[in-house]
>>> print(open('model39.cif').read())   # mmCIF, C-alpha atoms
data_query
#
loop_
_atom_site.label_atom_id
_atom_site.label_comp_id
_atom_site.auth_asym_id
_atom_site.auth_seq_id
_atom_site.Cartn_x
_atom_site.Cartn_y
_atom_site.Cartn_z
CA MET A 18 -67.86 1.77 230.51
CA SER A 19 -64.61 3.55 230.00
CA ASP A 20 -62.33 4.71 232.74
CA ARG A 21 -60.66 7.38 230.50
CA PRO A 22 -61.98 10.81 231.44
CA ASP A 23 -60.68 12.42 228.18
CA ASN A 24 -62.67 10.12 225.89
CA GLN A 25 -65.93 8.72 227.28
CA ASP A 26 -66.82 6.92 224.02
CA ALA A 27 -63.59 4.86 223.74
CA PRO A 28 -64.01 1.07 224.32
CA TYR A 29 -62.94 -0.42 227.59
CA LEU A 30 -59.55 -2.25 227.61
CA PRO A 31 -57.98 -4.25 230.41
CA GLU A 32 -55.04 -2.64 232.14
CA ARG A 33 -52.34 -4.82 230.61
CA TYR A 34 -53.59 -4.10 227.11
CA ARG A 35 -53.64 -0.46 227.86
CA GLN A 36 -49.97 -0.68 228.96
CA GLN A 37 -49.00 -2.52 225.75
CA VAL A 38 -50.79 0.04 223.59
CA LYS A 39 -49.13 2.86 225.49
CA ALA A 40 -45.70 1.28 225.08
CA LYS A 41 -46.23 0.85 221.35
CA LYS A 42 -47.25 4.47 221.01
CA GLN A 43 -44.17 5.57 222.91
CA ARG A 44 -41.96 3.42 220.68
CA ARG A 45 -43.53 4.87 217.52
CA ILE A 46 -43.09 8.42 218.84
CA TYR A 47 -39.47 7.68 219.73
CA LYS A 48 -38.75 6.27 216.26
CA ARG A 49 -40.36 9.29 214.67
CA LEU A 50 -38.30 11.61 216.82
CA VAL A 51 -35.09 9.73 216.02
CA THR A 52 -35.90 9.66 212.31
CA ALA A 53 -36.73 13.36 212.30
CA GLY A 54 -33.49 14.10 214.15
CA LEU A 55 -31.46 12.10 211.65
CA VAL A 56 -33.13 13.91 208.76
CA ILE A 57 -32.40 17.28 210.36
CA VAL A 58 -28.78 16.31 210.97
CA ILE A 59 -28.39 15.09 207.38
CA VAL A 60 -29.94 18.30 206.02
CA ILE A 61 -27.66 20.43 208.19
CA ILE A 62 -24.58 18.50 207.04
CA ALA A 63 -25.67 18.73 203.42
CA VAL A 64 -26.29 22.46 203.69
CA PHE A 65 -22.90 22.94 205.33
CA LEU A 66 -21.08 20.94 202.70
CA LEU A 67 -22.88 22.70 199.86
CA GLY A 68 -22.13 26.09 201.38
CA SER A 69 -18.47 25.16 201.71
CA VAL A 70 -18.25 24.22 198.06
CA VAL A 71 -20.01 27.37 196.88
CA SER A 72 -18.20 29.83 199.09
CA ALA A 73 -14.73 28.31 198.96
CA PRO A 74 -12.23 30.84 197.43
CA GLN A 75 -11.03 29.93 193.97
CA PRO A 76 -7.26 29.87 193.33
CA LEU A 77 -6.04 33.15 191.77
CA SER A 78 -4.58 33.00 188.27
CA PRO A 79 -1.19 34.72 188.00
CA ALA A 80 -1.25 38.07 186.17
CA LYS A 81 -0.55 37.52 182.51
CA SER A 82 2.39 39.53 181.22
CA PRO A 83 2.47 40.55 177.54
CA ALA A 84 3.81 37.82 175.34
CA LEU A 85 7.41 38.56 174.32
CA PRO A 86 8.49 38.18 170.72
CA VAL A 87 10.22 35.02 169.70
CA PRO A 88 13.99 35.55 170.10
CA THR A 89 14.66 34.85 166.43
CA THR A 90 12.09 36.25 164.03
CA SER A 91 12.01 36.19 160.24
CA VAL A 92 10.40 39.37 158.92
CA GLN A 93 9.73 41.08 155.61
CA ASN A 94 11.22 44.54 155.23
CA ALA A 95 9.21 47.57 154.15
CA THR A 96 10.82 47.14 150.74
CA PRO A 97 9.27 44.13 148.96
CA GLY A 98 11.56 41.20 148.33
CA VAL A 99 13.93 41.77 151.26
CA ASN A 100 13.78 39.12 153.96
CA VAL A 101 15.54 39.87 157.21
CA THR A 102 16.29 37.39 159.98
CA VAL A 103 17.57 39.08 163.11
CA THR A 104 17.88 38.44 166.80
CA VAL A 105 15.22 40.26 168.81
CA THR A 106 16.04 41.36 172.34
CA PRO A 107 13.87 39.48 174.84
CA GLY A 108 12.62 41.06 178.00
CA TYR A 109 11.79 44.61 176.91
CA THR A 110 8.65 46.37 178.13
CA ARG A 111 5.65 46.65 175.83
CA GLY A 112 3.45 49.72 176.27
CA THR A 113 -0.33 49.76 176.29
CA GLY A 114 -0.40 51.43 172.91
CA ILE A 115 0.66 48.16 171.28
CA SER A 116 -2.89 46.84 171.78
CA THR A 117 -4.96 50.02 171.87
CA LEU A 118 -3.57 51.58 168.69
CA SER A 119 -3.23 48.46 166.58
CA ALA A 120 -5.07 48.82 163.28
CA SER A 121 -5.14 47.46 159.76
CA GLY A 122 -1.91 48.11 157.88
CA VAL A 123 0.26 48.67 160.96
CA LEU A 124 3.51 46.73 160.92
CA SER A 125 3.80 43.96 163.47
CA LEU A 126 5.96 44.68 166.48
CA GLU A 127 8.44 42.00 165.41
CA LYS A 128 8.84 43.59 161.98
CA ALA A 129 9.25 47.07 163.48
CA VAL A 130 11.91 45.81 165.88
CA SER A 131 13.75 44.16 162.99
CA LEU A 132 13.83 47.50 161.16
CA LEU A 133 15.10 49.12 164.35
CA TRP A 134 18.08 46.75 164.46
CA LEU A 135 19.08 47.78 160.94
CA GLU A 136 19.67 51.32 162.20
CA TYR A 137 20.69 50.54 165.78
CA PRO A 138 22.45 47.13 165.82
CA ALA A 139 21.56 44.77 168.67
CA ASP A 140 25.24 44.26 169.51
CA THR A 141 25.59 47.98 170.27
CA TYR A 142 22.18 48.90 171.73
CA THR A 143 19.71 47.34 174.17
CA LEU A 144 15.99 47.71 173.58
CA VAL A 145 14.36 48.92 176.80
CA SER A 146 10.75 49.43 175.74
CA ALA A 147 8.44 49.49 172.71
CA ASN A 148 5.11 51.22 172.23
CA LEU A 149 2.71 52.62 169.65
CA THR A 150 1.95 56.31 170.03
CA ASP A 151 -0.16 59.01 168.37
CA ARG A 152 1.44 61.89 170.25
CA TYR A 153 2.21 63.62 166.94
CA ALA A 154 -1.01 64.69 165.23
CA GLY A 155 -2.00 62.57 162.28
CA LEU A 156 0.78 60.02 162.80
CA THR A 157 0.84 56.57 164.31
CA LEU A 158 4.41 55.77 165.30
CA TYR A 159 6.37 53.00 166.90
CA GLU A 160 8.25 54.45 169.85
CA PHE A 161 11.39 52.64 170.98
CA THR A 162 13.57 53.44 173.97
CA LEU A 163 17.17 52.27 173.56
CA LYS A 164 20.26 52.26 175.69
CA PRO A 165 23.85 52.03 174.41
CA THR A 166 25.75 48.96 175.57
CA GLY A 167 29.39 47.99 175.65
CA THR A 168 30.56 51.30 177.13
CA ALA A 169 32.52 51.82 180.32
CA SER A 170 29.79 54.00 181.85
CA PRO A 171 26.06 53.21 181.80
CA GLY A 172 24.49 54.36 178.55
CA ILE A 173 21.88 57.13 178.64
CA PRO A 174 18.52 55.92 177.26
CA PHE A 175 17.11 57.71 174.23
CA THR A 176 13.95 57.41 172.12
CA VAL A 177 13.52 56.92 168.39
CA PHE A 178 10.37 56.71 166.25
CA TYR A 179 9.30 54.81 163.12
CA HIS A 180 6.20 55.22 160.98
CA ALA A 181 3.95 52.35 162.04
CA VAL A 182 2.71 51.66 158.49
CA THR A 183 5.77 52.22 156.27
CA GLY A 184 8.54 51.48 158.78
CA ASP A 185 10.42 54.65 157.78
CA PRO A 186 12.36 56.45 160.54
CA TYR A 187 10.70 59.57 161.94
CA THR A 188 12.21 62.57 163.73
CA ALA A 189 10.08 65.38 165.15
CA GLY A 190 10.36 68.44 162.93
CA GLU A 191 11.26 66.62 159.72
CA GLU A 192 8.05 67.86 158.13
CA ASN A 193 9.57 71.38 158.17
CA ALA A 194 12.66 70.37 156.17
CA ARG A 195 12.86 71.82 152.67
CA ILE A 196 13.82 68.39 151.27
CA THR A 197 11.25 65.78 152.31
CA ALA A 198 12.06 62.20 153.26
CA GLU A 199 10.73 60.93 149.93
CA GLN A 200 12.79 63.48 147.99
CA ALA A 201 15.90 62.60 149.97
CA GLN A 202 15.42 58.92 149.17
CA ASP A 203 14.94 59.67 145.47
CA LEU A 204 18.11 61.78 145.37
CA VAL A 205 20.11 59.03 147.05
CA ARG A 206 18.77 56.41 144.63
CA LYS A 207 19.72 58.54 141.62
CA ALA A 208 23.20 59.26 142.98
CA LEU A 209 24.17 55.85 144.32
CA SER A 210 21.99 53.40 142.34
CA PRO A 211 21.13 50.85 145.03
CA LEU A 212 19.86 47.43 143.93
CA PRO A 213 16.07 47.01 143.71
CA SER A 214 16.16 44.61 146.65
CA ASP A 215 18.08 47.02 148.90
CA LEU A 216 16.33 48.82 151.73
CA LEU A 217 16.88 52.58 151.97
CA LEU A 218 16.39 54.29 155.35
CA ALA A 219 16.66 58.07 155.85
CA ARG A 220 16.48 59.78 159.25
CA TYR A 221 16.30 63.54 159.68
CA SER A 222 18.81 65.29 161.94
CA PRO A 223 17.97 68.91 162.81
CA GLY A 224 20.85 71.37 162.64
CA PRO A 225 21.55 73.98 165.33
CA ASP A 226 21.16 76.96 163.00
CA ALA A 227 20.51 75.35 159.63
CA GLU A 228 17.99 73.17 157.85
CA GLY A 229 19.64 69.99 159.08
CA THR A 230 20.56 66.81 157.22
CA TRP A 231 19.16 63.45 156.18
CA ASN A 232 21.33 60.60 157.42
CA PHE A 233 20.75 57.65 155.12
CA ARG A 234 21.79 54.03 154.88
CA ILE A 235 21.34 51.42 152.19
CA VAL A 236 20.88 47.95 153.68
CA ARG A 237 21.31 44.65 151.86
CA GLY A 238 19.81 41.85 153.91
CA THR A 239 20.90 42.89 157.39
CA THR A 240 24.17 44.57 156.36
CA PRO A 241 24.53 48.32 155.68
CA VAL A 242 26.37 48.63 152.38
CA VAL A 243 26.28 52.44 152.12
CA THR A 244 25.91 55.14 154.79
CA GLY A 245 25.87 58.86 154.19
CA THR A 246 24.49 62.37 154.71
CA LEU A 247 22.36 64.62 152.50
CA ASP A 248 21.79 68.35 153.00
CA ALA A 249 18.12 68.86 153.92
CA GLU A 250 18.10 72.36 152.42
CA THR A 251 19.89 71.90 149.09
CA GLY A 252 19.49 68.16 148.48
CA MET A 253 23.23 67.84 147.91
CA ILE A 254 24.97 64.68 149.13
CA LEU A 255 27.57 65.75 151.67
CA ALA A 256 29.18 62.39 152.35
CA PHE A 257 28.86 58.67 151.83
CA ASN A 258 30.87 55.56 152.53
CA ARG A 259 30.56 52.18 150.80
CA SER A 260 31.60 48.93 152.41
CA VAL A 261 34.17 46.88 150.51
CA GLN A 262 34.35 43.10 150.71
CA LYS A 263 37.84 41.59 150.70
CA THR A 264 36.74 38.29 149.22
CA GLY A 265 37.15 37.88 145.48
CA ARG A 266 39.46 40.86 145.06
CA PRO A 267 42.78 40.71 143.18
CA GLY A 268 45.99 40.83 145.10
CA GLU A 269 47.34 43.93 143.40
CA PRO A 270 45.70 47.17 142.16
CA VAL A 271 44.19 47.15 138.69
CA LEU A 272 44.35 50.97 138.48
CA ASP A 273 47.45 53.04 139.17
CA MET A 274 47.32 56.30 141.12
CA PRO A 275 47.08 58.72 138.14
CA ALA A 276 44.14 56.77 136.73
CA ALA A 277 42.44 56.74 140.11
CA GLN A 278 43.00 60.48 140.56
CA ALA A 279 41.46 61.15 137.15
CA ILE A 280 38.34 59.28 138.32
CA ALA A 281 38.25 61.36 141.51
CA ASP A 282 38.68 64.61 139.54
CA ARG A 283 35.78 63.75 137.24
CA TYR A 284 33.57 62.77 140.15
CA ILE A 285 34.11 66.10 141.93
CA SER A 286 33.37 68.18 138.83
CA GLY A 287 30.40 65.99 137.92
CA ARG A 288 28.78 66.54 141.30
CA ASN A 289 29.78 70.13 141.97
CA GLY A 290 30.51 71.74 138.63
CA PRO A 291 33.71 73.76 138.13
CA VAL A 292 35.29 74.33 141.54
CA ALA A 293 38.71 75.68 142.49
CA VAL A 294 40.51 72.84 144.27
CA ASN A 295 43.98 71.42 144.54
CA MET A 296 44.85 67.78 145.29
CA SER A 297 47.22 68.09 148.23
CA ASP A 298 47.66 64.44 149.21
CA GLY A 299 47.19 61.05 147.56
CA ARG A 300 47.99 57.68 149.12
CA TYR A 301 47.40 53.98 148.54
CA TYR A 302 46.12 51.73 151.33
CA PRO A 303 46.17 47.95 150.77
CA LEU A 304 43.45 45.80 152.33
CA GLY A 305 45.69 42.78 152.82
CA ASN A 306 49.24 42.25 154.12
CA PRO A 307 52.54 41.19 152.56
CA SER A 308 51.78 37.50 153.09
CA VAL A 309 48.20 37.72 151.79
CA PRO A 310 48.01 40.74 149.45
CA VAL A 311 44.58 42.22 148.67
CA ALA A 312 44.06 45.21 146.40
CA GLY A 313 43.03 48.27 148.42
CA TYR A 314 42.03 51.85 147.67
CA TYR A 315 43.48 55.28 146.96
CA THR A 316 42.68 58.26 149.19
CA PHE A 317 42.83 61.76 147.71
CA ILE A 318 42.54 65.02 149.67
CA TYR A 319 41.51 68.17 147.80
CA ASN A 320 41.73 71.66 149.31
CA ARG A 321 39.49 74.51 148.30
CA ILE A 322 41.46 77.36 146.73
CA VAL A 323 40.59 81.01 147.50
CA ASN A 324 42.79 83.73 145.98
CA ASN A 325 45.37 81.07 145.08
CA ILE A 326 45.70 80.02 148.73
CA PRO A 327 44.40 76.64 150.00
CA CYS A 328 41.85 76.30 152.76
CA ASP A 329 42.62 74.06 155.68
CA GLU A 330 39.07 72.75 156.18
CA ASP A 331 36.96 73.24 153.04
CA GLY A 332 37.49 70.74 150.26
CA PHE A 333 36.91 67.08 149.39
CA ILE A 334 38.10 63.63 150.45
CA LEU A 335 37.61 60.70 148.10
CA ASP A 336 38.49 57.01 148.18
CA VAL A 337 38.78 55.19 144.85
CA ASP A 338 38.69 51.38 144.70
CA SER A 339 41.96 50.30 143.06
CA ALA A 340 40.29 47.18 141.63
CA THR A 341 37.03 48.57 140.22
CA GLY A 342 37.50 52.36 140.04
CA GLU A 343 34.36 52.82 142.15
CA ILE A 344 34.12 55.79 144.52
CA THR A 345 33.89 54.13 147.93
CA ARG A 346 34.10 57.30 150.06
CA TYR A 347 33.12 60.88 149.36
CA VAL A 348 33.23 63.81 151.79
CA ARG A 349 32.28 67.33 150.76
CA HIS A 350 33.07 70.15 153.20
CA TRP A 351 32.29 73.49 151.61
CA THR A 352 30.61 75.78 154.11
CA ALA A 353 32.28 79.21 154.04
CA LEU A 354 30.98 81.91 151.69
CA ASP A 355 33.46 83.63 149.43
CA ASN A 356 33.14 86.92 151.33
CA ALA A 357 34.04 85.20 154.62
CA PHE A 358 37.75 85.24 153.74
CA SER A 359 39.96 88.17 154.67
CA VAL A 360 40.50 90.71 151.93
CA THR A 361 44.21 90.67 152.75
CA SER A 362 45.76 87.68 151.01
CA GLU A 363 49.45 88.59 151.06
CA PRO A 364 51.39 87.43 154.14
CA ILE A 365 53.61 89.92 155.92
CA VAL A 366 55.15 87.47 158.39
CA LEU A 367 57.85 85.29 156.85
CA LYS A 368 57.97 81.52 157.18
CA ARG A 369 61.06 81.52 159.42
CA GLU A 370 59.41 84.06 161.72
CA ALA A 371 56.30 81.90 162.01
CA THR A 372 58.27 78.75 162.83
CA PHE A 373 60.34 80.64 165.42
CA SER A 374 57.16 81.84 167.16
CA ALA A 375 55.77 78.30 167.18
CA LEU A 376 58.93 76.83 168.70
CA GLN A 377 59.11 79.54 171.35
CA GLN A 378 55.53 78.76 172.39
CA ALA A 379 56.30 75.02 172.46
CA LYS A 380 59.29 75.55 174.75
CA GLU A 381 57.08 77.39 177.23
CA VAL A 382 54.58 74.50 177.30
CA TYR A 383 57.09 71.59 177.58
CA PRO A 384 60.53 73.06 178.34
CA GLU A 385 61.95 69.59 179.03
CA SER A 386 61.29 68.60 175.39
CA MET A 387 62.98 71.57 173.75
CA ASN A 388 66.02 69.56 172.61
CA GLY A 389 63.84 67.15 170.65
CA LEU A 390 61.61 69.71 168.91
CA ARG A 391 61.44 69.38 165.12
CA ILE A 392 59.51 71.33 162.49
CA VAL A 393 57.52 68.97 160.23
CA SER A 394 55.96 71.54 157.88
CA ALA A 395 55.00 75.21 157.60
CA GLU A 396 52.40 76.29 155.02
CA ILE A 397 50.39 79.42 154.41
CA ARG A 398 46.67 78.62 154.58
CA TRP A 399 43.25 80.01 155.29
CA MET A 400 42.35 79.19 158.90
CA ASP A 401 38.75 78.35 158.00
CA ARG A 402 37.76 75.82 160.66
CA HIS A 403 34.62 76.88 162.55
CA PRO A 404 31.90 75.18 164.61
CA SER A 405 29.23 73.24 162.75
CA GLY A 406 26.16 75.32 161.98
CA VAL A 407 28.01 78.62 162.34
CA THR A 408 28.29 80.86 159.28
CA PRO A 409 31.56 82.84 159.34
CA ARG A 410 31.10 86.61 159.17
CA PRO A 411 32.43 88.50 156.13
CA GLY A 412 36.20 88.91 156.31
CA SER A 413 36.48 86.80 159.51
CA ILE A 414 38.61 83.93 158.13
CA PRO A 415 42.27 84.93 158.61
CA LEU A 416 45.32 84.06 156.59
CA ALA A 417 47.87 82.20 158.74
CA TRP A 418 50.92 79.98 158.82
CA LYS A 419 50.06 76.39 159.76
CA VAL A 420 53.17 75.09 161.51
CA THR A 421 53.32 71.39 162.43
CA PHE A 422 56.03 70.07 164.72
CA ASP A 423 56.80 67.13 167.03
CA ASP A 424 59.26 66.05 169.73
CA ASP A 425 60.79 62.85 171.06
CA ILE A 426 57.67 61.88 173.02
CA ILE A 427 55.27 62.47 170.13
CA ARG A 428 57.50 60.52 167.73
CA GLY A 429 57.91 57.72 170.26
CA ASN A 430 54.14 57.38 170.68
CA GLY A 431 53.44 57.58 166.96
CA ALA A 432 51.01 60.45 167.62
CA GLN A 433 49.96 63.19 165.24
CA PRO A 434 52.27 66.24 165.15
CA ALA A 435 51.40 69.32 167.14
CA VAL A 436 49.95 72.34 165.31
CA ALA A 437 50.53 76.06 165.77
CA TRP A 438 48.63 78.70 163.82
CA VAL A 439 50.56 81.93 163.43
CA GLY A 440 48.83 85.02 162.00
CA ALA A 441 50.30 85.91 158.61
CA GLN A 442 49.73 89.62 159.22
CA THR A 443 50.56 89.94 162.93
CA GLY A 444 52.85 87.01 163.83
CA SER A 445 50.69 86.27 166.91
CA ILE A 446 49.66 82.75 167.92
CA LEU A 447 46.07 82.25 166.81
CA ASP A 448 45.72 78.63 167.93
CA PHE A 449 48.03 76.10 169.55
CA GLU A 450 47.58 72.31 169.95
CA TYR A 451 50.52 70.63 171.68
CA ARG A 452 49.87 67.71 174.04
CA HIS A 453 51.83 64.78 175.44
#
>>> encode(input="model39.cif", output="structure tokens")
Amino acid sequence: MSDRPDNQDAPYLPERYRQQVKAKKQRRIYKRLVTAGLVIVIVIIAVFLLGSVVSAPQPLSPAKSPALPVPTTSVQNATPGVNVTVTVTPGYTRGTGISTLSASGVLSLEKAVSLLWLEYPADTYTLVSANLTDRYAGLTLYEFTLKPTGTASPGIPFTVFYHAVTGDPYTAGEENARITAEQAQDLVRKALSPLPSDLLLARYSPGPDAEGTWNFRIVRGTTPVVTGTLDAETGMILAFNRSVQKTGRPGEPVLDMPAAQAIADRYISGRNGPVAVNMSDGRYYPLGNPSVPVAGYYTFIYNRIVNNIPCDEDGFILDVDSATGEITRYVRHWTALDNAFSVTSEPIVLKREATFSALQQAKEVYPESMNGLRIVSAEIRWMDRHPSGVTPRPGSIPLAWKVTFDDDIIRGNGAQPAVAWVGAQTGSILDFEYRH
């Protein structure tokens, strides 16, 4: 018979066996509890460690700045066959348009920058920023911001544009010029005959009251060999200048001055037709020195003639290579209309009266220099100088005496003589330039 009230059917066990069974049960329960506790602890630790790994903040990658061009880049110019190796300014800012507007056929940034340096040399300008823009309808342009360097005061930044496909310079408003960029380039090629491998760049410059001009340059490799200006209204070349290499030249001129002047005369008439001019000055300038002579060039100054009287401003300046006979510089200044000159072409004031008026004015400006004053020249001329872009009114260009003079200080400094313009009809001072 059992003594356990909770289970009447259980077999009877002596007391000591019951104690042993009870102890075993307690030990099993204890082990189970310990095991369960260890499992719980392990699970908690595992969950904690796993959560730490998952939620731990990842290290931030530094913001990637746009890759800068390699400092020295070899590029192909817009003209086939011309390779250019130039130094590219590192550190300039690249705009977002470089990536958003890139398309098939667009020049690479490195190539565009290399074309930029041909017009704005890296030793004179600093590239501040580069971008691609479509701000002008129908055009995709490289936009460069530059700043002059090497000046005493900080340079003022300015912006220039280039066609992103052709690499040609672009200036806002050039599409309104009567002579297009392509026509300007063709006219320059016909007039100056650049080599097939040369690169020709033409940039439009709007005039204040006129059609403006095309400023062009012919580049061989990375060196400008010809620079000049073409009238955007008439297509006439106004000026150009060729570079001359000293190496390989003879020591003495091959041509004498009369032969060189004949070349200059023919060049003027060939470009302008019959014009009334007078050669007022011709000089030879060597490129070497007495110890190492190198043949130089002749410079000729031609004055426009109106009613048998020379102009002071209008005319031509030409340089002729004394070794080859090539025209290395040409300047055409012919802006005044024929009716702009005064109808009165006979002076009333005599030369001695004009020089006396000039000296009297000079004594009032620098009385301490009066003892050293000296007249250099006195010539009757048309006083035709006027601001660029201004068309002189009919009859507004006066006839005057151009009196040049100097003093001890001017001669000691090797400066240009002073100039006094004296009206040929009135004897009054029209203009006076006298500075120490």
>>> atom_distance(input="model39.cif", atom1="CA of Asp282 (chain A)", atom2="CA of Arg349 (chain A)")
13.2 Å
>>> resolve_selection(input="model39.cif", expression="the PyMOL selection byres ((chain A and resi 255) around 7)", output="short mmCIF file (atom, residue, chain, number, x, y, z; two decimals) with C-alpha atoms, in the coordinates of the input")
data_model
loop_
_atom_site.label_atom_id
_atom_site.label_comp_id
_atom_site.auth_asym_id
_atom_site.auth_seq_id
_atom_site.Cartn_x
_atom_site.Cartn_y
_atom_site.Cartn_z
CA THR A 246 24.49 62.37 154.71
CA LEU A 247 22.36 64.62 152.50
CA ASP A 248 21.79 68.35 153.00
CA MET A 253 23.23 67.84 147.91
CA ILE A 254 24.97 64.68 149.13
CA ALA A 256 29.18 62.39 152.35
CA VAL A 348 33.23 63.81 151.79
CA ARG A 349 32.28 67.33 150.76
#
>>> resolve_selection(input="model39.cif", expression="the PyMOL selection byres ((chain A and resi 225-234) around 6)", output="tab-separated table (two decimals) with C-alpha atoms, keeping the file's coordinate frame")
chain	number	residue	atom	x	y	z
A	217	LEU	CA	16.88	52.58	151.97
A	218	LEU	CA	16.39	54.29	155.35
A	219	ALA	CA	16.66	58.07	155.85
A	220	ARG	CA	16.48	59.78	159.25
A	221	TYR	CA	16.30	63.54	159.68
A	222	SER	CA	18.81	65.29	161.94
A	223	PRO	CA	17.97	68.91	162.81
A	224	GLY	CA	20.85	71.37	162.64
A	235	ILE	CA	21.34	51.42	152.19
A	243	VAL	CA	26.28	52.44	152.12
A	244	THR	CA	25.91	55.14	154.79
A	245	GLY	CA	25.87	58.86	154.19
A	246	THR	CA	24.49	62.37	154.71
A	247	LEU	CA	22.36	64.62	152.50
A	248	ASP	CA	21.79	68.35	153.00
A	249	ALA	CA	18.12	68.86	153.92
A	250	GLU	CA	18.10	72.36	152.42
A	406	GLY	CA	26.16	75.32	161.98
>>> residues_near_point(input="model39.cif", point="(42.5, 80.3, 139.8)", cutoff="9 Å", atoms="all atoms listed in the file", output="ChimeraX atom specification")
/A:293-294,322-325
>>> write_last_selection(input="model39.cif", atoms="C-alpha atoms", output="compact mmCIF listing (two decimals), in the frame of the given file")
# COMPACT_ATOMS: atom_id res chain seq x y z
CA ALA A 293 38.71 75.68 142.49
CA VAL A 294 40.51 72.84 144.27
CA ILE A 322 41.46 77.36 146.73
CA VAL A 323 40.59 81.01 147.50
CA ASN A 324 42.79 83.73 145.98
CA ASN A 325 45.37 81.07 145.08
>>> residues_near_point(input="model39.cif", point="(35.2, 70.4, 158.4)", cutoff="10 Å", atoms="all atoms listed in the file", output="JSON, numbers by chain")
{"A": [329, 330, 331, 332, 333, 348, 349, 350, 351, 352, 401, 402, 403, 404, 405]}
>>> closest_residue(input="model39.cif", among="A:Tyr451, A:Tyr383, A:Tyr284, A:Phe358", to="Asp336 (chain A)", atoms="all atoms listed in the file")
A:Tyr284
>>> decode(input="model39.cif", residues="region 147-159 of chain A", atoms="N, CA, C and O atoms", output="PDB file, in the first residue's frame")
ATOM      1  N   ALA A 147      36.944  74.983 -66.145  1.00  0.00           N
ATOM      2  CA  ALA A 147      36.555  74.500 -67.468  1.00  0.00           C
ATOM      3  C   ALA A 147      35.184  73.856 -67.362  1.00  0.00           C
ATOM      4  O   ALA A 147      34.866  73.206 -66.365  1.00  0.00           O
ATOM      5  N   ASN A 148      34.377  74.040 -68.406  1.00  0.00           N
ATOM      6  CA  ASN A 148      33.034  73.467 -68.387  1.00  0.00           C
ATOM      7  C   ASN A 148      32.539  73.313 -69.823  1.00  0.00           C
ATOM      8  O   ASN A 148      33.088  73.908 -70.751  1.00  0.00           O
ATOM      9  N   LEU A 149      31.506  72.497 -69.995  1.00  0.00           N
ATOM     10  CA  LEU A 149      30.777  72.411 -71.252  1.00  0.00           C
ATOM     11  C   LEU A 149      29.426  73.081 -71.041  1.00  0.00           C
ATOM     12  O   LEU A 149      28.759  72.830 -70.033  1.00  0.00           O
ATOM     13  N   THR A 150      29.020  73.919 -71.994  1.00  0.00           N
ATOM     14  CA  THR A 150      27.779  74.662 -71.822  1.00  0.00           C
ATOM     15  C   THR A 150      26.980  74.659 -73.117  1.00  0.00           C
ATOM     16  O   THR A 150      27.540  74.575 -74.211  1.00  0.00           O
ATOM     17  N   ASP A 151      25.660  74.753 -72.976  1.00  0.00           N
ATOM     18  CA  ASP A 151      24.767  74.917 -74.121  1.00  0.00           C
ATOM     19  C   ASP A 151      23.932  76.182 -73.959  1.00  0.00           C
ATOM     20  O   ASP A 151      22.801  76.260 -74.411  1.00  0.00           O
ATOM     21  N   ARG A 152      24.535  77.178 -73.303  1.00  0.00           N
ATOM     22  CA  ARG A 152      23.797  78.420 -73.022  1.00  0.00           C
ATOM     23  C   ARG A 152      23.408  79.157 -74.301  1.00  0.00           C
ATOM     24  O   ARG A 152      22.439  79.916 -74.306  1.00  0.00           O
ATOM     25  N   TYR A 153      24.183  78.955 -75.381  1.00  0.00           N
ATOM     26  CA  TYR A 153      23.834  79.568 -76.653  1.00  0.00           C
ATOM     27  C   TYR A 153      23.117  78.530 -77.505  1.00  0.00           C
ATOM     28  O   TYR A 153      23.646  77.436 -77.755  1.00  0.00           O
ATOM     29  N   ALA A 154      21.914  78.857 -77.939  1.00  0.00           N
ATOM     30  CA  ALA A 154      21.028  77.896 -78.601  1.00  0.00           C
ATOM     31  C   ALA A 154      21.716  77.239 -79.790  1.00  0.00           C
ATOM     32  O   ALA A 154      22.301  77.913 -80.639  1.00  0.00           O
ATOM     33  N   GLY A 155      21.622  75.922 -79.817  1.00  0.00           N
ATOM     34  CA  GLY A 155      22.148  75.159 -80.929  1.00  0.00           C
ATOM     35  C   GLY A 155      23.642  74.935 -80.888  1.00  0.00           C
ATOM     36  O   GLY A 155      24.198  74.355 -81.830  1.00  0.00           O
ATOM     37  N   LEU A 156      24.320  75.376 -79.843  1.00  0.00           N
ATOM     38  CA  LEU A 156      25.773  75.246 -79.758  1.00  0.00           C
ATOM     39  C   LEU A 156      26.172  74.532 -78.473  1.00  0.00           C
ATOM     40  O   LEU A 156      25.605  74.786 -77.410  1.00  0.00           O
ATOM     41  N   THR A 157      27.114  73.646 -78.597  1.00  0.00           N
ATOM     42  CA  THR A 157      27.769  73.060 -77.430  1.00  0.00           C
ATOM     43  C   THR A 157      29.183  73.602 -77.398  1.00  0.00           C
ATOM     44  O   THR A 157      29.946  73.426 -78.352  1.00  0.00           O
ATOM     45  N   LEU A 158      29.532  74.281 -76.315  1.00  0.00           N
ATOM     46  CA  LEU A 158      30.785  75.025 -76.249  1.00  0.00           C
ATOM     47  C   LEU A 158      31.584  74.644 -75.013  1.00  0.00           C
ATOM     48  O   LEU A 158      31.016  74.364 -73.944  1.00  0.00           O
ATOM     49  N   TYR A 159      32.888  74.638 -75.164  1.00  0.00           N
ATOM     50  CA  TYR A 159      33.753  74.611 -73.990  1.00  0.00           C
ATOM     51  C   TYR A 159      33.853  76.033 -73.443  1.00  0.00           C
ATOM     52  O   TYR A 159      34.077  76.987 -74.193  1.00  0.00           O
TER      53      TYR A 159
END
